[in-house]
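For reference, target_34.txt (compact mmCIF, C-alpha atoms):
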```txt
# COMPACT_ATOMS: atom_id res chain seq x y z
CA MET A 25 24.53 -29.68 -28.96
CA SER A 26 26.33 -26.76 -27.38
CA MET A 27 27.31 -28.95 -24.43
CA ALA A 28 28.83 -31.55 -26.70
CA ALA A 29 30.72 -28.87 -28.57
CA THR A 30 32.02 -27.45 -25.31
CA GLY A 31 33.13 -30.89 -24.23
CA GLN A 32 35.11 -31.29 -27.41
CA ASP A 33 36.67 -27.88 -26.96
CA PHE A 34 38.02 -28.89 -23.58
CA GLY A 35 39.58 -32.00 -24.96
CA GLU A 36 37.07 -34.41 -23.42
CA ARG A 37 36.15 -35.92 -26.70
CA GLU A 38 36.92 -39.46 -25.59
CA LEU A 39 34.06 -39.11 -23.10
CA ALA A 40 31.55 -38.04 -25.74
CA ASP A 41 29.64 -41.14 -26.74
CA VAL A 42 26.73 -41.13 -29.13
CA THR A 43 24.21 -39.83 -26.61
CA GLU A 44 26.43 -36.94 -25.64
CA ALA A 45 26.76 -36.01 -29.29
CA GLY A 46 23.09 -35.07 -29.17
CA PRO A 47 20.20 -36.67 -30.98
CA PRO A 48 21.00 -37.92 -34.47
CA PRO A 49 20.03 -35.64 -37.34
CA LYS A 50 16.55 -36.12 -38.73
CA ARG A 51 18.00 -37.58 -41.93
CA VAL A 52 19.43 -40.52 -39.97
CA VAL A 53 16.20 -41.07 -38.02
CA VAL A 54 14.03 -40.93 -41.15
CA GLY A 55 16.38 -43.32 -42.95
CA TYR A 56 16.17 -45.75 -40.02
CA GLY A 57 12.38 -45.61 -39.91
CA PHE A 58 12.13 -46.22 -43.64
CA TRP A 59 14.61 -49.08 -43.32
CA ILE A 60 12.24 -50.70 -40.78
CA PHE A 61 9.41 -50.35 -43.31
CA LEU A 62 11.55 -51.91 -46.03
CA LEU A 63 12.36 -54.87 -43.78
CA SER A 64 8.65 -55.40 -43.09
CA ASP A 65 8.11 -55.31 -46.85
CA ILE A 66 10.83 -57.94 -47.27
CA VAL A 67 9.16 -60.11 -44.61
CA MET A 68 5.91 -59.87 -46.61
CA PHE A 69 7.78 -60.95 -49.74
CA SER A 70 9.28 -63.88 -47.81
CA ALA A 71 5.74 -65.16 -47.21
CA LEU A 72 5.03 -64.92 -50.95
CA PHE A 73 8.32 -66.70 -51.67
CA ALA A 74 7.40 -69.46 -49.22
CA ALA A 75 4.04 -69.90 -50.95
CA TYR A 76 5.73 -70.00 -54.35
CA ALA A 77 8.39 -72.49 -53.23
CA VAL A 78 5.72 -74.81 -51.81
CA LEU A 79 3.49 -74.57 -54.90
CA ALA A 80 6.15 -74.40 -57.62
CA LYS A 81 5.49 -77.97 -58.76
CA ALA A 82 1.69 -77.85 -58.36
CA THR A 83 1.05 -77.26 -62.05
CA ALA A 84 -2.19 -79.29 -62.15
CA GLY A 85 -1.30 -80.63 -65.58
CA GLY A 86 -0.85 -77.11 -66.90
CA PRO A 87 2.27 -75.47 -68.30
CA THR A 88 5.42 -75.60 -66.16
CA GLY A 89 7.92 -72.87 -65.53
CA ALA A 90 10.44 -74.44 -67.87
CA GLN A 91 7.90 -74.20 -70.71
CA LEU A 92 6.83 -70.64 -69.93
CA PHE A 93 9.92 -68.69 -68.90
CA ASP A 94 12.00 -66.89 -71.51
CA GLN A 95 15.51 -66.47 -70.11
CA GLN A 96 16.49 -63.77 -72.58
CA ASN A 97 13.58 -61.64 -71.40
CA VAL A 98 14.58 -62.21 -67.77
CA ALA A 99 18.22 -61.32 -68.45
CA LEU A 100 17.09 -58.07 -70.09
CA GLU A 101 14.76 -57.25 -67.18
CA THR A 102 17.61 -57.93 -64.71
CA ALA A 103 19.99 -55.69 -66.65
CA PHE A 104 17.43 -52.85 -66.76
CA LEU A 105 16.75 -53.03 -63.04
CA LEU A 106 20.43 -53.27 -62.07
CA LEU A 107 21.33 -50.28 -64.27
CA SER A 108 18.40 -48.29 -62.87
CA SER A 109 19.68 -49.03 -59.36
CA TYR A 110 23.07 -47.65 -60.44
CA SER A 111 21.57 -44.52 -61.99
CA CYS A 112 19.49 -44.08 -58.82
CA GLY A 113 22.77 -44.10 -56.87
CA LEU A 114 24.19 -41.46 -59.22
CA MET A 115 21.02 -39.42 -58.63
CA SER A 116 21.61 -39.62 -54.86
CA MET A 117 25.18 -38.36 -55.43
CA ALA A 118 23.89 -35.44 -57.51
CA ILE A 119 21.39 -34.61 -54.75
CA ASN A 120 24.16 -34.63 -52.15
CA SER A 121 26.13 -32.13 -54.22
CA ARG A 122 23.00 -30.02 -54.96
CA SER A 123 23.13 -30.46 -58.70
CA TYR A 124 19.72 -29.99 -60.32
CA PHE A 125 20.96 -31.19 -63.70
CA GLY A 126 22.46 -34.36 -62.24
CA ALA A 127 19.36 -35.07 -60.17
CA TYR A 128 16.98 -34.67 -63.13
CA LEU A 129 19.26 -36.68 -65.43
CA GLY A 130 19.65 -39.50 -62.89
CA ALA A 131 15.91 -39.53 -62.22
CA ALA A 132 15.08 -39.59 -65.94
CA VAL A 133 17.44 -42.51 -66.61
CA THR A 134 16.13 -44.36 -63.54
CA PHE A 135 12.53 -43.76 -64.63
CA LEU A 136 13.12 -44.91 -68.21
CA LEU A 137 14.95 -48.08 -67.15
CA GLY A 138 12.28 -48.87 -64.58
CA ALA A 139 9.55 -48.30 -67.17
CA ALA A 140 11.40 -50.57 -69.64
CA PHE A 141 11.53 -53.27 -66.95
CA LEU A 142 7.83 -52.89 -66.30
CA PHE A 143 7.05 -53.02 -70.02
CA LEU A 144 8.96 -56.31 -70.42
CA GLU A 145 7.23 -57.78 -67.38
CA LEU A 146 3.74 -56.80 -68.55
CA ARG A 147 4.50 -58.14 -72.03
CA GLU A 148 5.55 -61.45 -70.45
CA PHE A 149 2.35 -61.58 -68.34
CA HIS A 150 0.26 -60.74 -71.39
CA SER A 151 1.83 -63.45 -73.55
CA MET A 152 1.42 -66.01 -70.75
CA ILE A 153 -2.25 -65.19 -70.23
CA ALA A 154 -2.77 -65.25 -73.99
CA ILE A 155 -1.75 -68.92 -74.16
CA GLY A 156 -3.98 -69.86 -71.22
CA ALA A 157 -1.32 -69.69 -68.47
CA ALA A 158 -3.42 -67.33 -66.37
CA PRO A 159 -3.38 -67.15 -62.54
CA GLN A 160 -6.49 -69.33 -62.28
CA ARG A 161 -4.91 -72.17 -64.29
CA SER A 162 -2.91 -73.77 -61.47
CA ALA A 163 -1.61 -73.17 -57.95
CA PHE A 164 1.86 -72.70 -59.44
CA LEU A 165 0.64 -69.90 -61.70
CA SER A 166 -1.36 -68.26 -58.90
CA ALA A 167 1.77 -68.15 -56.74
CA PHE A 168 3.87 -66.95 -59.69
CA PHE A 169 1.58 -64.05 -60.62
CA THR A 170 1.17 -63.03 -56.96
CA LEU A 171 4.91 -62.99 -56.26
CA VAL A 172 6.17 -61.42 -59.50
CA GLY A 173 3.11 -59.19 -59.83
CA CYS A 174 3.62 -57.85 -56.31
CA HIS A 175 7.17 -56.89 -57.22
CA GLY A 176 5.90 -55.27 -60.42
CA LEU A 177 3.35 -53.32 -58.36
CA HIS A 178 6.18 -52.06 -56.16
CA VAL A 179 8.09 -50.93 -59.26
CA THR A 180 4.97 -49.12 -60.50
CA ILE A 181 4.58 -47.33 -57.16
CA GLY A 182 8.28 -46.47 -57.27
CA LEU A 183 7.90 -44.89 -60.72
CA ILE A 184 4.93 -42.78 -59.59
CA TRP A 185 6.86 -41.78 -56.46
CA LEU A 186 9.90 -40.78 -58.52
CA ALA A 187 7.78 -38.61 -60.85
CA LEU A 188 6.15 -36.91 -57.84
CA MET A 189 9.56 -36.30 -56.26
CA MET A 190 10.85 -34.66 -59.43
CA ALA A 191 7.82 -32.37 -59.43
CA GLN A 192 8.52 -31.51 -55.78
CA LEU A 193 12.17 -30.86 -56.54
CA ALA A 194 11.20 -28.54 -59.40
CA MET A 195 8.71 -26.62 -57.26
CA ARG A 196 10.43 -26.57 -53.86
CA GLY A 197 14.11 -27.03 -54.60
CA PHE A 198 16.66 -28.74 -52.38
CA ARG A 199 14.86 -28.38 -49.07
CA PRO A 200 15.74 -30.81 -46.26
CA VAL A 201 12.29 -32.40 -46.42
CA VAL A 202 12.58 -33.01 -50.18
CA GLU A 203 16.04 -34.45 -49.72
CA ARG A 204 14.85 -36.85 -47.02
CA ARG A 205 12.05 -38.08 -49.28
CA LEU A 206 14.52 -38.59 -52.10
CA LEU A 207 16.76 -40.54 -49.71
CA CYS A 208 13.81 -42.79 -48.85
CA PHE A 209 13.03 -43.26 -52.52
CA ALA A 210 16.62 -44.35 -53.19
CA LEU A 211 16.42 -46.89 -50.35
CA PHE A 212 13.11 -48.19 -51.74
CA TRP A 213 14.48 -48.54 -55.27
CA HIS A 214 17.63 -50.38 -54.15
CA ALA A 215 15.54 -52.72 -51.98
CA LEU A 216 13.37 -53.57 -55.01
CA ASP A 217 16.50 -54.63 -56.85
CA ILE A 218 17.43 -56.94 -53.96
CA ILE A 219 14.00 -58.58 -54.15
CA TRP A 220 14.38 -58.98 -57.90
CA VAL A 221 17.70 -60.82 -57.36
CA THR A 222 15.80 -63.40 -55.33
CA ILE A 223 12.98 -63.57 -57.89
CA PHE A 224 15.18 -64.20 -60.91
CA THR A 225 17.17 -66.81 -58.97
CA VAL A 226 14.32 -68.72 -57.33
CA VAL A 227 11.58 -68.31 -59.94
CA TYR A 228 13.26 -68.01 -63.31
CA LEU A 229 16.65 -69.73 -63.03
CA MET A 230 15.69 -72.56 -60.67
CA GLY A 231 12.42 -72.93 -62.57
CA VAL A 232 14.16 -73.96 -65.76
CA LEU A 233 16.72 -76.35 -64.26
CA ARG A 234 16.55 -79.75 -65.84
CA MET B 23 28.39 -30.26 -48.44
CA THR B 24 27.16 -26.93 -47.19
CA GLU B 25 27.10 -25.82 -43.58
CA ALA B 26 23.32 -25.79 -43.33
CA HIS B 27 22.88 -29.44 -44.18
CA LEU B 28 25.56 -30.91 -41.94
CA GLY B 29 23.46 -30.67 -38.80
CA PRO B 30 24.84 -29.85 -35.38
CA PRO B 31 26.76 -32.90 -34.05
CA ARG B 32 30.01 -33.51 -35.84
CA GLU B 33 30.10 -37.17 -34.88
CA TRP B 34 26.99 -37.93 -36.88
CA SER B 35 27.87 -35.98 -39.97
CA GLU B 36 31.48 -36.99 -40.34
CA SER B 37 30.87 -40.70 -40.38
CA SER B 38 27.62 -40.65 -42.35
CA ALA B 39 27.70 -43.01 -45.27
CA THR B 40 25.75 -40.72 -47.59
CA GLU B 41 28.02 -37.75 -47.11
CA HIS B 42 31.34 -38.95 -48.44
CA ALA B 43 33.17 -37.15 -51.18
CA GLY B 44 31.72 -37.38 -54.68
CA SER B 45 34.50 -39.36 -56.32
CA SER B 46 34.60 -42.10 -53.67
CA ALA B 47 30.79 -42.42 -53.77
CA LEU B 48 30.98 -42.87 -57.54
CA LEU B 49 33.65 -45.51 -57.03
CA VAL B 50 31.46 -47.34 -54.49
CA TYR B 51 28.43 -47.40 -56.81
CA THR B 52 30.55 -48.44 -59.80
CA ILE B 53 32.23 -51.28 -57.92
CA GLY B 54 28.80 -52.40 -56.74
CA LEU B 55 27.44 -52.35 -60.29
CA LEU B 56 30.38 -54.33 -61.69
CA VAL B 57 30.37 -56.97 -58.95
CA ALA B 58 26.58 -57.34 -59.18
CA ALA B 59 26.82 -57.69 -62.97
CA VAL B 60 29.50 -60.39 -62.65
CA LEU B 61 27.41 -62.28 -60.07
CA THR B 62 24.28 -62.01 -62.25
CA GLY B 63 26.16 -63.25 -65.30
CA THR B 64 27.57 -66.15 -63.29
CA SER B 65 24.07 -67.05 -62.08
CA PHE B 66 22.69 -67.20 -65.63
CA TRP B 67 25.72 -69.21 -66.80
CA VAL B 68 25.43 -71.67 -63.90
CA ALA B 69 21.74 -72.22 -64.62
CA ASN B 70 22.31 -72.91 -68.32
CA THR B 71 25.58 -74.79 -68.48
CA SER B 72 25.88 -78.56 -68.47
CA ALA B 73 29.51 -78.44 -67.35
CA LEU B 74 28.57 -78.47 -63.65
CA TRP B 75 27.25 -81.23 -61.43
CA ALA B 76 23.49 -80.82 -61.83
CA LEU B 77 22.62 -81.55 -58.18
CA GLY B 78 24.92 -78.77 -56.98
CA VAL B 79 23.49 -76.10 -59.27
CA PRO B 80 20.56 -75.00 -57.02
CA ALA B 81 22.88 -74.61 -54.04
CA GLY B 82 25.30 -72.62 -56.20
CA LEU B 83 22.48 -70.34 -57.35
CA VAL B 84 21.42 -69.70 -53.75
CA VAL B 85 24.99 -68.81 -52.78
CA LEU B 86 25.32 -66.44 -55.75
CA ALA B 87 22.00 -64.77 -54.91
CA ILE B 88 22.96 -64.27 -51.25
CA ALA B 89 26.32 -62.87 -52.31
CA GLN B 90 24.61 -60.44 -54.66
CA MET B 91 22.17 -59.34 -51.95
CA GLY B 92 25.17 -58.62 -49.73
CA VAL B 93 26.77 -56.59 -52.51
CA HIS B 94 23.58 -54.55 -52.95
CA LEU B 95 23.30 -53.95 -49.20
CA VAL B 96 26.88 -52.74 -48.83
CA PHE B 97 27.46 -50.84 -52.07
CA PHE B 98 23.97 -49.47 -52.86
CA LEU B 99 22.15 -49.29 -49.52
CA HIS B 100 25.34 -48.46 -47.56
CA ILE B 101 24.61 -50.89 -44.75
CA THR B 102 28.11 -50.96 -43.31
CA THR B 103 29.73 -51.80 -40.00
CA GLY B 104 30.12 -48.11 -39.17
CA PRO B 105 28.77 -46.80 -35.84
CA GLU B 106 25.89 -44.89 -37.48
CA SER B 107 24.37 -48.03 -39.00
CA THR B 108 24.43 -50.23 -35.89
CA ASN B 109 20.66 -49.87 -35.52
CA ASN B 110 20.13 -50.63 -39.21
CA VAL B 111 22.25 -53.78 -38.98
CA LEU B 112 20.37 -54.95 -35.88
CA ALA B 113 17.02 -54.39 -37.59
CA LEU B 114 18.34 -56.23 -40.65
CA ALA B 115 19.44 -59.17 -38.50
CA PHE B 116 16.01 -59.34 -36.89
CA GLY B 117 14.33 -59.16 -40.29
CA MET B 118 16.53 -61.96 -41.58
CA VAL B 119 15.56 -64.15 -38.61
CA ILE B 120 11.87 -63.65 -39.46
CA VAL B 121 12.50 -64.32 -43.16
CA PHE B 122 14.42 -67.49 -42.30
CA LEU B 123 11.62 -68.71 -39.99
CA VAL B 124 8.87 -68.02 -42.54
CA LEU B 125 10.72 -69.54 -45.51
CA GLY B 126 12.48 -72.42 -43.78
CA GLY B 127 9.50 -73.22 -41.55
CA SER B 128 7.06 -73.33 -44.47
CA LEU B 129 9.32 -75.53 -46.57
CA VAL B 130 10.18 -77.96 -43.77
CA ILE B 131 6.57 -78.31 -42.63
CA MET B 132 5.17 -78.75 -46.13
CA ALA B 133 7.89 -81.22 -47.17
CA ASN B 134 7.26 -83.18 -43.96
CA LEU B 135 3.50 -83.27 -44.59
CA ASN B 136 4.21 -84.32 -48.15
CA GLY B 137 6.36 -87.22 -46.95
CA ASN B 138 3.83 -88.40 -44.38
CA MET B 139 0.92 -88.20 -46.81
CA ALA B 140 2.51 -90.58 -49.34
CA GLY B 141 -0.16 -92.47 -51.19
CA HIS B 142 -2.83 -89.92 -50.42
CA GLY B 143 -1.74 -87.43 -53.00
CA GLU B 144 0.92 -84.79 -52.57
CA LEU B 145 0.18 -81.50 -50.85
CA MET B 146 3.07 -79.81 -52.67
CA ASN B 147 1.60 -80.91 -55.98
CA LEU B 148 -2.03 -80.15 -55.39
CA PRO B 149 -4.31 -80.53 -58.35
CA MET B 150 -6.63 -77.56 -58.57
```
Serialized structure, structure tokens:
Amino acid sequence: MSMAATGQDFGERELADVTEAGPPPKRVVVGYGFWIFLLSDIVMFSALFAAYAVLAKATAGGPTGAQLFDQQNVALETAFLLLSSYSCGLMSMAINSRSYFGAYLGAAVTFLLGAAFLFLELREFHSMIAIGAAPQRSAFLSAFFTLVGCHGLHVTIGLIWLALMMAQLAMRGFRPVVERRLLCFALFWHALDIIWVTIFTVVYLMGVLR
Amino acid sequence: MTEAHLGPPREWSESSATEHAGSSALLVYTIGLLVAAVLTGTSFWVANTSALWALGVPAGLVVLAIAQMGVHLVFFLHITTGPESTNNVLALAFGMVIVFLVLGGSLVIMANLNGNMAGHGELMNLPM
């Protein structure tokens, strides 16, 4: 670090490439590592998507997607998740400027919107199972519940994680380690929204095309 | 941004995507939200309207979804072309290759099997 600084002082800055600037700060390294994890998660989802795409028409005489999916419900779920992604971004901004009030407010809004999304999804699952469209009914429904349920599980884990992070923030304050974990949470939450974009397009919208 | 958090090397901190001034960060998130909302609304309209050529609708939906994923990556996840996210972009490219192989490979192979098995029942429409 001191060598790089000295180099700059002597006007040799054009020589200082990334390696001469010293190792990247831990925040960058942690973000990169978590990004790798998120990509592996996305690869896992791609396998579930492939299974769903192959089995989407294998209804075995049971109900089809066009009969089961309620577009209004999906639009509401999409709006909740998109807005929670936005409020998560505002929370990251508040964390960067060390504002406890902003961080708690952003986290609370994110949590409530995520919980509302989860409530709508569970209500949809419940109403489907109630009319006999359970995972064991057909290959299509198995693939549907696996794919959408896996995303819902991720949202549930995200909500638990967010609650734990708020407890850590309350107890330990804006320490670097807490901030890095919050950064990872924000990446996780935004990535979930990306996966939901694919789900509502492939499953819900393409599923009801005539 | 306080001194303690900036970390030693100026090169890293100055160009970091998460450290820009508050107002411009708000602008980035807000633009992302608005564009994503417009793309989502367009997707739902495209899927429900009868004004468009029906065979082109799935392709249109795929394009809208990919566009929205790009918007999320740039405006929410801050995957940019800046020097500090070169590694992230490379990892993303590799991940996309794997995703493409898994998805495209599965669909091509299963559709091919389906075509060759005509008359013997359809693998993509398996009865349970």
May I ask you to extract the residues of chain A within 7 Å of chain B, using all atoms listed in the file, and to give them as a tab-separated table (two decimals) with C-alpha atoms, in the frame of the given file?
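Final output, part09.tsv:
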```tsv
chain	number	residue	atom	x	y	z
A	25	MET	CA	24.53	-29.68	-28.96
A	45	ALA	CA	26.76	-36.01	-29.29
A	46	GLY	CA	23.09	-35.07	-29.17
A	48	PRO	CA	21.00	-37.92	-34.47
A	49	PRO	CA	20.03	-35.64	-37.34
A	56	TYR	CA	16.17	-45.75	-40.02
A	60	ILE	CA	12.24	-50.70	-40.78
A	63	LEU	CA	12.36	-54.87	-43.78
A	67	VAL	CA	9.16	-60.11	-44.61
A	70	SER	CA	9.28	-63.88	-47.81
A	71	ALA	CA	5.74	-65.16	-47.21
A	74	ALA	CA	7.40	-69.46	-49.22
A	78	VAL	CA	5.72	-74.81	-51.81
A	79	LEU	CA	3.49	-74.57	-54.90
A	81	LYS	CA	5.49	-77.97	-58.76
A	82	ALA	CA	1.69	-77.85	-58.36
A	84	ALA	CA	-2.19	-79.29	-62.15
A	110	TYR	CA	23.07	-47.65	-60.44
A	113	GLY	CA	22.77	-44.10	-56.87
A	117	MET	CA	25.18	-38.36	-55.43
A	121	SER	CA	26.13	-32.13	-54.22
A	162	SER	CA	-2.91	-73.77	-61.47
A	163	ALA	CA	-1.61	-73.17	-57.95
A	211	LEU	CA	16.42	-46.89	-50.35
A	214	HIS	CA	17.63	-50.38	-54.15
A	218	ILE	CA	17.43	-56.94	-53.96
A	221	VAL	CA	17.70	-60.82	-57.36
A	222	THR	CA	15.80	-63.40	-55.33
A	225	THR	CA	17.17	-66.81	-58.97
A	229	LEU	CA	16.65	-69.73	-63.03
A	230	MET	CA	15.69	-72.56	-60.67
A	233	LEU	CA	16.72	-76.35	-64.26
```
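Across the structure, CA of Cys112 in chain A and CA of Phe209 in chain A are spaced 9.1 Å apart.
Of the residues under consideration (A:Tyr228, A:Trp213, A:Trp220, A:Phe168), A:Trp213 shows the shortest atom-to-atom contact distance to Trp59 in chain A when counting all atoms listed in the file.
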Counting all atoms listed in the file, which residue out of A:Val98, A:Ala210, A:Leu92, A:Ile153 sits closest to Gly182 in chain A?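 That would be A:Ala210, the residue with the smallest distance to Gly182 in chain A.
From CA of Cys174 in chain A back to CA of Val201 in chain A, the distance works out to 28.6 Å.
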Just give me the residues with any atom within 9 Å of (13.4, -53.0, -57.4), file coordinates, counting only C-alpha atoms, written as a list in words.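 Residues lying no farther than 9 Å from the given point: Leu105, Leu106, Ser108, Ser109, Gly138, His175, Gly176, His178, Val179, Gly182, Phe212, Trp213, His214, Ala215, Leu216, Asp217, Ile218, Ile219, Trp220 and Val221 of chain A.
Closest approach to Leu177 in chain A among A:Phe93, A:Tyr128, A:Phe164, A:Phe141 is made by A:Phe141 (distances from all atoms listed in the file).
As for CA of Ser111 in chain A and CA of Leu193 in chain A, they are spaced 17.5 Å apart.
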Glu145 in chain A surroundings by only C-alpha atoms, 9 Å radius, close-in-sequence under 4 positions cut, as an MDAnalysis selection string: chainID A and resid 97:98 101 140:141 149:150 172:173 176
Where atoms are missing, can you supply N, CA, C and O atoms for range 114-128 of chain A and output the lot as a tab-separated table (two decimals), in the frame of the given file?
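Below you can see rebuild.tsv, which holds the result:
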```
chain	number	residue	atom	x	y	z
A	114	LEU	N	23.60	-42.69	-58.69
A	114	LEU	CA	24.19	-41.46	-59.22
A	114	LEU	C	23.29	-40.26	-58.93
A	114	LEU	O	23.77	-39.16	-58.65
A	115	MET	N	21.95	-40.49	-58.97
A	115	MET	CA	21.02	-39.42	-58.63
A	115	MET	C	21.22	-38.99	-57.18
A	115	MET	O	21.24	-37.78	-56.88
A	116	SER	N	21.38	-39.97	-56.26
A	116	SER	CA	21.61	-39.62	-54.86
A	116	SER	C	22.88	-38.78	-54.71
A	116	SER	O	22.92	-37.83	-53.93
A	117	MET	N	23.94	-39.15	-55.49
A	117	MET	CA	25.18	-38.36	-55.43
A	117	MET	C	24.93	-36.93	-55.88
A	117	MET	O	25.41	-35.97	-55.27
A	118	ALA	N	24.17	-36.78	-56.99
A	118	ALA	CA	23.89	-35.44	-57.51
A	118	ALA	C	23.09	-34.63	-56.49
A	118	ALA	O	23.30	-33.42	-56.35
A	119	ILE	N	22.18	-35.31	-55.76
A	119	ILE	CA	21.39	-34.61	-54.75
A	119	ILE	C	22.29	-34.15	-53.61
A	119	ILE	O	22.17	-33.03	-53.11
A	120	ASN	N	23.24	-35.01	-53.22
A	120	ASN	CA	24.16	-34.63	-52.15
A	120	ASN	C	24.99	-33.41	-52.52
A	120	ASN	O	25.36	-32.63	-51.66
A	121	SER	N	25.32	-33.28	-53.81
A	121	SER	CA	26.13	-32.13	-54.22
A	121	SER	C	25.26	-31.02	-54.80
A	121	SER	O	25.77	-30.12	-55.47
A	122	ARG	N	23.93	-31.09	-54.58
A	122	ARG	CA	23.00	-30.02	-54.96
A	122	ARG	C	23.04	-29.70	-56.44
A	122	ARG	O	23.01	-28.53	-56.83
A	123	SER	N	23.12	-30.70	-57.27
A	123	SER	CA	23.13	-30.46	-58.70
A	123	SER	C	21.76	-30.79	-59.28
A	123	SER	O	21.36	-31.96	-59.31
A	124	TYR	N	21.05	-29.75	-59.73
A	124	TYR	CA	19.72	-29.99	-60.32
A	124	TYR	C	19.84	-30.82	-61.58
A	124	TYR	O	19.07	-31.76	-61.80
A	125	PHE	N	20.83	-30.47	-62.43
A	125	PHE	CA	20.96	-31.19	-63.70
A	125	PHE	C	21.21	-32.68	-63.45
A	125	PHE	O	20.55	-33.54	-64.03
A	126	GLY	N	22.15	-32.96	-62.54
A	126	GLY	CA	22.46	-34.36	-62.24
A	126	GLY	C	21.27	-35.11	-61.67
A	126	GLY	O	21.00	-36.25	-62.03
A	127	ALA	N	20.52	-34.41	-60.79
A	127	ALA	CA	19.36	-35.07	-60.17
A	127	ALA	C	18.30	-35.41	-61.22
A	127	ALA	O	17.76	-36.51	-61.26
A	128	TYR	N	18.01	-34.42	-62.11
A	128	TYR	CA	16.98	-34.67	-63.13
A	128	TYR	C	17.45	-35.75	-64.10
A	128	TYR	O	16.67	-36.62	-64.51
```
